[in-house]
file coords.txt (compact mmCIF, C-alpha atoms)
# COMPACT_ATOMS: atom_id res chain seq x y z
CA MET E 229 -9.54 -38.63 -7.78
CA ASN E 230 -11.46 -36.26 -5.50
CA ALA E 231 -10.45 -34.19 -2.50
CA MET E 232 -11.65 -36.90 -0.05
CA THR E 233 -9.11 -39.44 -1.33
CA LEU E 234 -6.06 -37.17 -1.37
CA PRO E 235 -3.30 -37.51 1.23
CA PRO E 236 -3.37 -34.78 3.88
CA HIS E 237 -0.32 -33.00 2.43
CA VAL E 238 -1.96 -32.64 -1.00
CA ARG E 239 -4.56 -30.00 -1.79
CA GLN E 240 -7.03 -30.07 -4.66
CA ILE E 241 -7.49 -26.67 -6.27
CA ASN E 242 -9.62 -25.00 -8.92
CA THR E 243 -7.39 -24.24 -11.91
CA SER E 244 -9.88 -22.15 -13.87
CA TYR E 245 -8.33 -18.95 -15.19
CA ARG E 246 -10.90 -16.94 -13.26
CA THR E 247 -9.85 -18.52 -9.96
CA LEU E 248 -6.09 -18.46 -10.52
CA PHE E 249 -6.01 -14.89 -11.88
CA SER E 250 -8.14 -13.65 -8.98
CA GLU E 251 -6.38 -15.53 -6.18
CA SER E 252 -2.93 -14.55 -7.46
CA GLY E 253 -3.79 -10.88 -7.98
CA LEU E 254 -2.84 -10.81 -11.66
CA ARG E 255 -3.27 -7.46 -13.42
CA GLY E 256 -3.02 -6.50 -17.08
CA PRO E 257 -2.08 -5.64 -19.67
CA VAL E 258 -1.70 -9.22 -20.89
CA CYS E 259 0.59 -10.67 -23.53
CA HIS E 260 -0.40 -14.12 -24.78
CA VAL E 261 2.74 -15.75 -26.23
CA GLY E 262 2.11 -18.64 -28.59
CA SER E 263 -1.27 -17.05 -29.17
CA LEU E 264 -2.31 -18.54 -32.52
CA LEU E 265 -5.63 -20.32 -32.15
CA ASN E 266 -5.70 -22.74 -35.06
CA GLY E 267 -7.94 -25.57 -33.90
CA LYS E 268 -10.49 -26.96 -36.32
CA GLU E 269 -13.34 -25.23 -34.50
CA THR E 270 -11.56 -21.91 -33.95
CA THR E 271 -13.43 -18.87 -35.23
CA GLN E 272 -13.22 -15.14 -34.70
CA ASP E 273 -15.99 -15.58 -32.16
CA THR E 274 -13.72 -17.96 -30.20
CA VAL E 275 -10.98 -15.32 -30.23
CA ASP E 276 -13.37 -12.58 -29.14
CA ARG E 277 -14.65 -14.68 -26.22
CA TRP E 278 -11.09 -15.58 -25.16
CA ARG E 279 -9.98 -11.95 -25.22
CA LYS E 280 -13.06 -10.82 -23.35
CA LEU E 281 -12.42 -13.42 -20.64
CA ILE E 282 -8.82 -12.35 -20.16
CA GLY E 283 -9.77 -8.69 -20.41
CA ASP E 284 -12.35 -9.13 -17.66
CA LEU E 285 -9.83 -10.93 -15.44
CA ALA E 286 -6.84 -8.65 -16.08
CA PRO E 287 -7.96 -5.44 -17.79
CA GLY E 288 -5.52 -3.09 -19.44
CA GLY E 289 -5.06 -4.45 -22.95
CA PHE E 290 -4.20 -7.68 -24.76
CA VAL E 291 -1.46 -8.49 -27.28
CA GLY E 292 -1.07 -11.88 -28.95
CA VAL E 293 2.41 -12.92 -30.13
CA ASP E 294 3.13 -15.95 -32.28
CA LEU E 295 5.63 -17.26 -34.81
CA PHE E 296 2.86 -17.50 -37.40
CA PRO E 297 0.15 -15.00 -38.37
CA GLY E 298 -3.49 -15.89 -37.84
CA LEU E 299 -6.38 -15.65 -35.43
CA ASN E 300 -5.49 -14.08 -32.07
CA VAL E 301 -2.08 -12.89 -33.32
CA ASP E 302 -1.24 -9.17 -33.18
CA VAL E 303 2.54 -9.45 -33.47
CA THR E 304 4.27 -12.07 -35.60
CA ALA E 305 7.69 -12.73 -34.09
CA ASP E 306 10.18 -15.45 -33.23
CA LEU E 307 10.47 -15.64 -29.46
CA CYS E 308 13.80 -17.43 -29.84
CA SER E 309 15.37 -14.61 -31.85
CA PRO E 310 18.43 -12.93 -30.27
CA HIS E 311 17.09 -9.68 -31.72
CA PHE E 312 13.58 -9.98 -30.28
CA THR E 313 13.89 -7.23 -27.67
CA LYS E 314 15.53 -4.86 -30.17
CA ASP E 315 13.02 -5.56 -32.93
CA HIS E 316 10.07 -5.31 -30.53
CA SER E 317 11.27 -2.76 -27.98
CA ASP E 318 7.70 -1.57 -27.47
CA LEU E 319 6.91 -4.93 -25.81
CA VAL E 320 9.80 -4.82 -23.32
CA GLY E 321 8.56 -4.29 -19.77
CA ALA E 322 5.09 -3.61 -21.08
CA PHE E 323 2.96 -6.32 -19.45
CA GLY E 324 1.53 -7.14 -16.07
CA VAL E 325 0.94 -10.73 -17.19
CA VAL E 326 2.62 -12.86 -19.83
CA PHE E 327 0.50 -15.94 -20.50
CA ALA E 328 2.44 -18.95 -21.83
CA SER E 329 0.50 -22.20 -21.96
CA ALA E 330 1.45 -25.24 -24.06
CA LEU E 331 4.17 -23.15 -25.69
CA LEU E 332 7.67 -23.90 -24.42
CA GLU E 333 7.65 -27.55 -25.49
CA HIS E 334 7.32 -26.31 -29.08
CA VAL E 335 10.18 -23.78 -29.24
CA ALA E 336 13.59 -24.85 -30.49
CA ASP E 337 15.47 -22.85 -27.84
CA PRO E 338 13.40 -22.57 -24.63
CA PHE E 339 16.14 -20.63 -22.83
CA ALA E 340 16.16 -17.89 -25.48
CA ALA E 341 12.36 -17.82 -25.53
CA ALA E 342 12.27 -17.58 -21.73
CA ARG E 343 14.68 -14.63 -21.70
CA ASN E 344 12.52 -12.74 -24.19
CA ILE E 345 9.32 -13.64 -22.34
CA SER E 346 10.81 -12.42 -19.06
CA ALA E 347 11.91 -9.19 -20.72
CA MET E 348 8.28 -8.40 -21.52
CA ILE E 349 7.16 -8.64 -17.88
CA ARG E 350 7.20 -5.35 -16.02
CA PRO E 351 8.60 -5.21 -12.46
CA GLY E 352 5.97 -6.63 -10.15
CA GLY E 353 4.28 -8.39 -13.07
CA HIS E 354 3.66 -12.10 -13.47
CA LEU E 355 4.25 -15.07 -15.73
CA PHE E 356 1.40 -17.57 -16.01
CA CYS E 357 3.08 -20.70 -17.35
CA VAL E 358 1.79 -24.20 -18.09
CA CYS E 359 4.05 -26.90 -19.56
CA PRO E 360 3.40 -30.58 -20.23
CA TRP E 361 5.34 -33.00 -18.04
CA VAL E 362 3.75 -36.32 -19.03
CA TRP E 363 2.05 -35.97 -22.42
CA GLY E 364 1.86 -37.54 -25.85
CA TYR E 365 3.66 -36.12 -28.85
CA HIS E 366 1.89 -33.11 -30.35
CA GLY E 367 3.79 -31.34 -33.10
CA TYR E 368 3.32 -27.61 -33.66
CA PRO E 369 5.46 -27.14 -35.62
CA ASP E 370 7.32 -29.81 -33.63
CA ASP E 371 7.42 -31.12 -30.07
CA TYR E 372 10.83 -30.90 -28.39
CA TRP E 373 10.70 -30.70 -24.60
CA ARG E 374 9.00 -31.69 -21.35
CA ILE E 375 9.43 -29.16 -18.53
CA ASN E 376 8.69 -29.57 -14.84
CA HIS E 377 8.69 -26.97 -12.07
CA ALA E 378 12.44 -27.27 -11.52
CA GLY E 379 12.93 -26.72 -15.26
CA MET E 380 10.77 -23.58 -15.16
CA ALA E 381 12.97 -22.23 -12.37
CA LYS E 382 16.06 -22.73 -14.55
CA LEU E 383 14.37 -21.08 -17.54
CA PHE E 384 13.22 -18.07 -15.52
CA PRO E 385 15.85 -17.49 -12.80
CA ASP E 386 14.74 -13.88 -12.28
CA LEU E 387 11.21 -14.82 -11.16
CA VAL E 388 9.91 -15.67 -7.71
CA TRP E 389 7.44 -18.55 -7.89
CA VAL E 390 4.31 -17.72 -5.94
CA ARG E 391 2.23 -20.74 -6.94
CA GLN E 392 2.83 -24.20 -8.46
CA TRP E 393 0.40 -27.00 -9.28
CA TYR E 394 -0.18 -30.13 -11.34
CA SER E 395 -3.14 -30.55 -13.68
CA GLY E 396 -4.23 -33.10 -16.24
CA THR E 397 -7.13 -33.66 -18.60
CA ASN E 398 -9.94 -33.02 -16.10
CA LYS E 399 -11.12 -29.45 -16.61
CA ASN E 400 -10.32 -26.94 -13.86
CA VAL E 401 -8.90 -29.59 -11.49
CA GLY E 402 -5.40 -29.42 -10.10
CA ILE E 403 -3.38 -30.41 -7.06
CA GLU E 404 -0.77 -28.56 -5.08
CA VAL E 405 2.00 -30.77 -3.76
CA GLU E 406 5.69 -30.34 -3.13
CA PRO E 407 7.49 -30.55 -6.51
CA LYS E 408 9.23 -33.84 -7.39
CA HIS E 409 6.75 -35.90 -5.37
CA GLU E 410 4.36 -36.64 -8.23
CA ARG E 411 6.08 -39.96 -9.01
CA LYS E 412 5.23 -41.49 -5.65
CA LEU E 413 1.84 -39.82 -5.43
CA LEU E 414 0.48 -40.48 -8.91
CA ARG E 415 2.13 -43.60 -10.31
CA HIS E 416 -0.11 -46.56 -11.06
CA GLU E 417 0.18 -50.06 -12.47
CA VAL E 418 -0.05 -50.53 -16.24
CA SER E 419 -1.38 -53.95 -17.12
CA GLU E 420 -2.65 -53.64 -20.70
CA GLY E 421 -2.08 -51.81 -23.95
CA ALA E 422 1.13 -50.89 -25.72
CA GLY E 423 2.41 -49.08 -22.64
CA ALA E 424 2.51 -52.34 -20.69
CA VAL E 425 4.99 -53.72 -23.23
CA LEU E 426 7.46 -51.07 -22.10
CA SER E 427 6.67 -50.63 -18.42
CA GLY E 428 4.51 -51.97 -15.62
CA GLN E 429 4.17 -48.50 -14.14
CA GLY E 430 2.85 -45.21 -15.51
CA LEU E 431 1.76 -41.68 -14.68
CA PRO E 432 -1.40 -39.92 -15.81
CA TYR E 433 -1.19 -37.06 -18.27
CA LEU E 434 0.30 -34.19 -16.27
CA ASN E 435 0.81 -30.49 -16.80
CA CYS E 436 3.04 -28.40 -14.56
CA GLY E 437 1.48 -25.01 -13.93
CA ALA E 438 3.08 -22.08 -12.14
CA ILE E 439 2.78 -18.37 -11.54
CA GLY E 440 6.01 -16.44 -11.13
CA GLN E 441 6.48 -12.81 -10.24
CA LYS E 442 9.24 -10.43 -11.34
CA PRO E 443 10.54 -8.55 -8.30
CA GLN E 444 9.92 -4.82 -8.06
CA ASN E 445 12.86 -2.60 -8.87
CA ASP E 446 14.72 -1.35 -5.81
call {"tool": "encode", "arguments": {"input": "coords.txt", "output": "structure tokens"}}
result
Amino acid sequence: MNAMTLPPHVRQINTSYRTLFSESGLRGPVCHVGSLLNGKETTQDTVDRWRKLIGDLAPGGFVGVDLFPGLNVDVTADLCSPHFTKDHSDLVGAFGVVFASALLEHVADPFAAARNISAMIRPGGHLFCVCPWVWGYHGYPDDYWRINHAGMAKLFPDLVWVRQWYSGTNKNVGIEVEPKHERKLLRHEVSEGAGAVLSGQGLPYLNCGAIGQKPQND
């Protein structure tokens, strides 16, 4: 789908990190939660390039946090732990951006993880969050949840959402549309394959992306 075929109330956007960080005024330091890069082709060079990209976009420092040690992980910690902020007090209020992409569907308690993530954002800082809404199972270490924009608002009630979008599998392509309207906008007929056994209608693979800001202290 290209911009020429979209309804007038829908806007195609560039979802590259460079564009979104710049347009939203994101500033470091950055904490990447769920930071372990463990793909088959991941190398230290991949990590170095990733950190350089984020450092160029939001300078000020970079800290990777994950449940497991490995490449791109500086702090090994359980984001769901009730003791997270006590055990890692140096991370509380320390970041201008917390980056959480393809993470919350994998945590056993997303509400606890969200509270600890929010605690790391300094006043005026931002959360950059991407969650799958329509996606196949992908276990790491398991796959528990699907979260839309309304769900993000429940997980992070202290944030003000400054931008929301949908994306899929096409690189750097997204659309901005009023939340909850994707069903009417994006549904299509399913006429073959295993999916057609279950339903005559489907949605493409969809991510819900959003940038939320923590209000400044009074």
call {"tool": "atom_distance", "arguments": {"input": "coords.txt", "atom1": "atom CA of Ile345 of chain E", "atom2": "atom CA of Ile282 of chain E"}}
result
18.3 Å
call {"tool": "atom_distance", "arguments": {"input": "coords.txt", "atom1": "atom CA of Gly364 of chain E", "atom2": "atom CA of His334 of chain E"}}
result
12.9 Å
call {"tool": "atom_distance", "arguments": {"input": "coords.txt", "atom1": "atom CA of Ser244 of chain E", "atom2": "atom CA of Lys399 of chain E"}}
result
7.9 Å
call {"tool": "closest_residue", "arguments": {"input": "coords.txt", "among": "E:Val418, E:Val291, E:Leu319, E:Val303", "to": "Gly430 of chain E", "atoms": "only C-alpha atoms"}}
result
E:Val418
call {"tool": "closest_atom_pairs", "arguments": {"input": "coords.txt", "of": "segment 299-343 of chain E", "to": "segment 375-392 of chain E", "cutoff": "8 Å", "atoms": "all atoms listed in the file", "output": "tab-separated table"}}
result
residue	atom	partner	partner_atom	distance
E:Glu333	CA	E:Ile375	CA	7.4
E:Pro338	CA	E:Leu383	CA	7.3
E:Phe339	CA	E:Leu383	CA	5.6
E:Ala342	CA	E:Leu383	CA	5.8
E:Arg343	CA	E:Phe384	CA	7.2
call {"tool": "residues_around", "arguments": {"input": "coords.txt", "residues": "Trp278 of chain E", "least_positions_apart": "6", "cutoff": "10 Å", "atoms": "only C-alpha atoms", "output": "NGL selection string"}}
result
:E and (272 or 284 or 300)
call {"tool": "axis_aligned_box", "arguments": {"input": "coords.txt", "around": "segment 252-269 of chain E", "padding_each_side": "4 Å", "output": "lines of an AutoDock Vina configuration file"}}
result
center_x = -5.3
center_y = -16.3
center_z = -21.9
size_x = 24.1
size_y = 29.3
size_z = 36.9
call {"tool": "closest_residue", "arguments": {"input": "coords.txt", "among": "E:Glu251, E:Asn344, E:Lys280, E:Phe312", "to": "Val326 of chain E", "atoms": "only C-alpha atoms"}}
result
E:Asn344
call {"tool": "closest_residue", "arguments": {"input": "coords.txt", "among": "E:Arg279, E:Arg255, E:Lys412, E:Arg350", "to": "Gly292 of chain E", "atoms": "all atoms listed in the file"}}
result
E:Arg279
call {"tool": "residues_around", "arguments": {"input": "coords.txt", "residues": "segment 357-363 of chain E", "least_positions_apart": "5", "cutoff": "7 Å", "atoms": "all atoms listed in the file", "output": "MDAnalysis selection string"}}
result
chainID E and resid 327:330 332:333 374:376 433:439
call {"tool": "closest_residue", "arguments": {"input": "coords.txt", "among": "E:Gly353, E:Thr271, E:Arg246, E:Gly321", "to": "Gly298 of chain E", "atoms": "all atoms listed in the file"}}
result
E:Thr271
call {"tool": "closest_residue", "arguments": {"input": "coords.txt", "among": "E:Gly440, E:Pro297, E:Pro236, E:Gly428", "to": "Phe356 of chain E", "atoms": "all atoms listed in the file"}}
result
E:Gly440
call {"tool": "residues_around", "arguments": {"input": "coords.txt", "residues": "His311 of chain E", "least_positions_apart": "5", "cutoff": "12 Å", "atoms": "all atoms listed in the file", "output": "VMD selection string"}}
result
chain E and resid 305 to 306 316 to 317 340 to 341 343 to 344
call {"tool": "residues_near_point", "arguments": {"input": "coords.txt", "point": "(1.9, -13.5, -10.7)", "cutoff": "6 Å", "atoms": "all atoms listed in the file", "output": "NGL selection string"}}
result
:E and (252 or 254 or 354-355 or 439-441)
call {"tool": "closest_residue", "arguments": {"input": "coords.txt", "among": "E:Gln429, E:Ser309, E:Thr304, E:Asn445", "to": "Asp337 of chain E", "atoms": "all atoms listed in the file"}}
result
E:Ser309
call {"tool": "residues_around", "arguments": {"input": "coords.txt", "residues": "Val320 of chain E", "least_positions_apart": "3", "cutoff": "7 Å", "atoms": "only C-alpha atoms", "output": "PyMOL selection string"}}
result
chain E and resi 313+317+347-348
call {"tool": "residues_near_point", "arguments": {"input": "coords.txt", "point": "(-0.8, -23.3, -40.6)", "cutoff": "10 Å", "atoms": "only C-alpha atoms", "output": "VMD selection string"}}
result
chain E and resid 264 266 296 to 298 368 to 369
call {"tool": "write_last_selection", "arguments": {"input": "coords.txt", "atoms": "C-alpha atoms", "output": "PDB file, in the frame of the given file"}}
result
ATOM      1  CA  LEU E 264      -2.310 -18.540 -32.520  1.00  0.00           C
ATOM      2  CA  ASN E 266      -5.700 -22.740 -35.060  1.00  0.00           C
ATOM      3  CA  PHE E 296       2.860 -17.500 -37.400  1.00  0.00           C
ATOM      4  CA  PRO E 297       0.150 -15.000 -38.370  1.00  0.00           C
ATOM      5  CA  GLY E 298      -3.490 -15.890 -37.840  1.00  0.00           C
ATOM      6  CA  TYR E 368       3.320 -27.610 -33.660  1.00  0.00           C
ATOM      7  CA  PRO E 369       5.460 -27.140 -35.620  1.00  0.00           C
TER       8      PRO E 369
END
call {"tool": "decode", "arguments": {"input": "coords.txt", "residues": "segment 295-307 of chain E", "atoms": "N, CA and C atoms", "output": "PDB file, in the first residue's frame"}}
result
ATOM      1  N   LEU E 295      17.263  -9.764  30.733  1.00  0.00           N
ATOM      2  CA  LEU E 295      17.168 -10.855  31.703  1.00  0.00           C
ATOM      3  C   LEU E 295      18.364 -11.786  31.613  1.00  0.00           C
ATOM      4  N   PHE E 296      18.958 -11.855  30.422  1.00  0.00           N
ATOM      5  CA  PHE E 296      20.079 -12.770  30.191  1.00  0.00           C
ATOM      6  C   PHE E 296      21.326 -11.988  29.793  1.00  0.00           C
ATOM      7  N   PRO E 297      22.506 -12.457  30.182  1.00  0.00           N
ATOM      8  CA  PRO E 297      23.736 -11.797  29.757  1.00  0.00           C
ATOM      9  C   PRO E 297      24.033 -12.107  28.293  1.00  0.00           C
ATOM     10  N   GLY E 298      24.814 -11.250  27.665  1.00  0.00           N
ATOM     11  CA  GLY E 298      25.197 -11.491  26.285  1.00  0.00           C
ATOM     12  C   GLY E 298      25.504 -10.200  25.566  1.00  0.00           C
ATOM     13  N   LEU E 299      25.572 -10.274  24.255  1.00  0.00           N
ATOM     14  CA  LEU E 299      25.891  -9.102  23.451  1.00  0.00           C
ATOM     15  C   LEU E 299      24.858  -7.994  23.648  1.00  0.00           C
ATOM     16  N   ASN E 300      25.342  -6.784  23.834  1.00  0.00           N
ATOM     17  CA  ASN E 300      24.535  -5.574  24.006  1.00  0.00           C
ATOM     18  C   ASN E 300      23.916  -5.461  25.391  1.00  0.00           C
ATOM     19  N   VAL E 301      24.325  -6.293  26.338  1.00  0.00           N
ATOM     20  CA  VAL E 301      23.766  -6.262  27.693  1.00  0.00           C
ATOM     21  C   VAL E 301      24.821  -5.732  28.662  1.00  0.00           C
ATOM     22  N   ASP E 302      24.495  -4.636  29.332  1.00  0.00           N
ATOM     23  CA  ASP E 302      25.372  -4.064  30.360  1.00  0.00           C
ATOM     24  C   ASP E 302      24.906  -4.429  31.760  1.00  0.00           C
ATOM     25  N   VAL E 303      23.596  -4.543  31.934  1.00  0.00           N
ATOM     26  CA  VAL E 303      23.013  -4.866  33.234  1.00  0.00           C
ATOM     27  C   VAL E 303      22.089  -6.056  33.055  1.00  0.00           C
ATOM     28  N   THR E 304      22.354  -7.128  33.793  1.00  0.00           N
ATOM     29  CA  THR E 304      21.488  -8.304  33.765  1.00  0.00           C
ATOM     30  C   THR E 304      20.492  -8.189  34.909  1.00  0.00           C
ATOM     31  N   ALA E 305      19.215  -8.084  34.573  1.00  0.00           N
ATOM     32  CA  ALA E 305      18.206  -7.848  35.600  1.00  0.00           C
ATOM     33  C   ALA E 305      16.849  -8.312  35.099  1.00  0.00           C
ATOM     34  N   ASP E 306      15.981  -8.633  36.058  1.00  0.00           N
ATOM     35  CA  ASP E 306      14.602  -9.024  35.765  1.00  0.00           C
ATOM     36  C   ASP E 306      13.714  -7.793  35.878  1.00  0.00           C
ATOM     37  N   LEU E 307      13.206  -7.320  34.756  1.00  0.00           N
ATOM     38  CA  LEU E 307      12.366  -6.132  34.759  1.00  0.00           C
ATOM     39  C   LEU E 307      11.059  -6.340  35.513  1.00  0.00           C
TER      40      LEU E 307
END
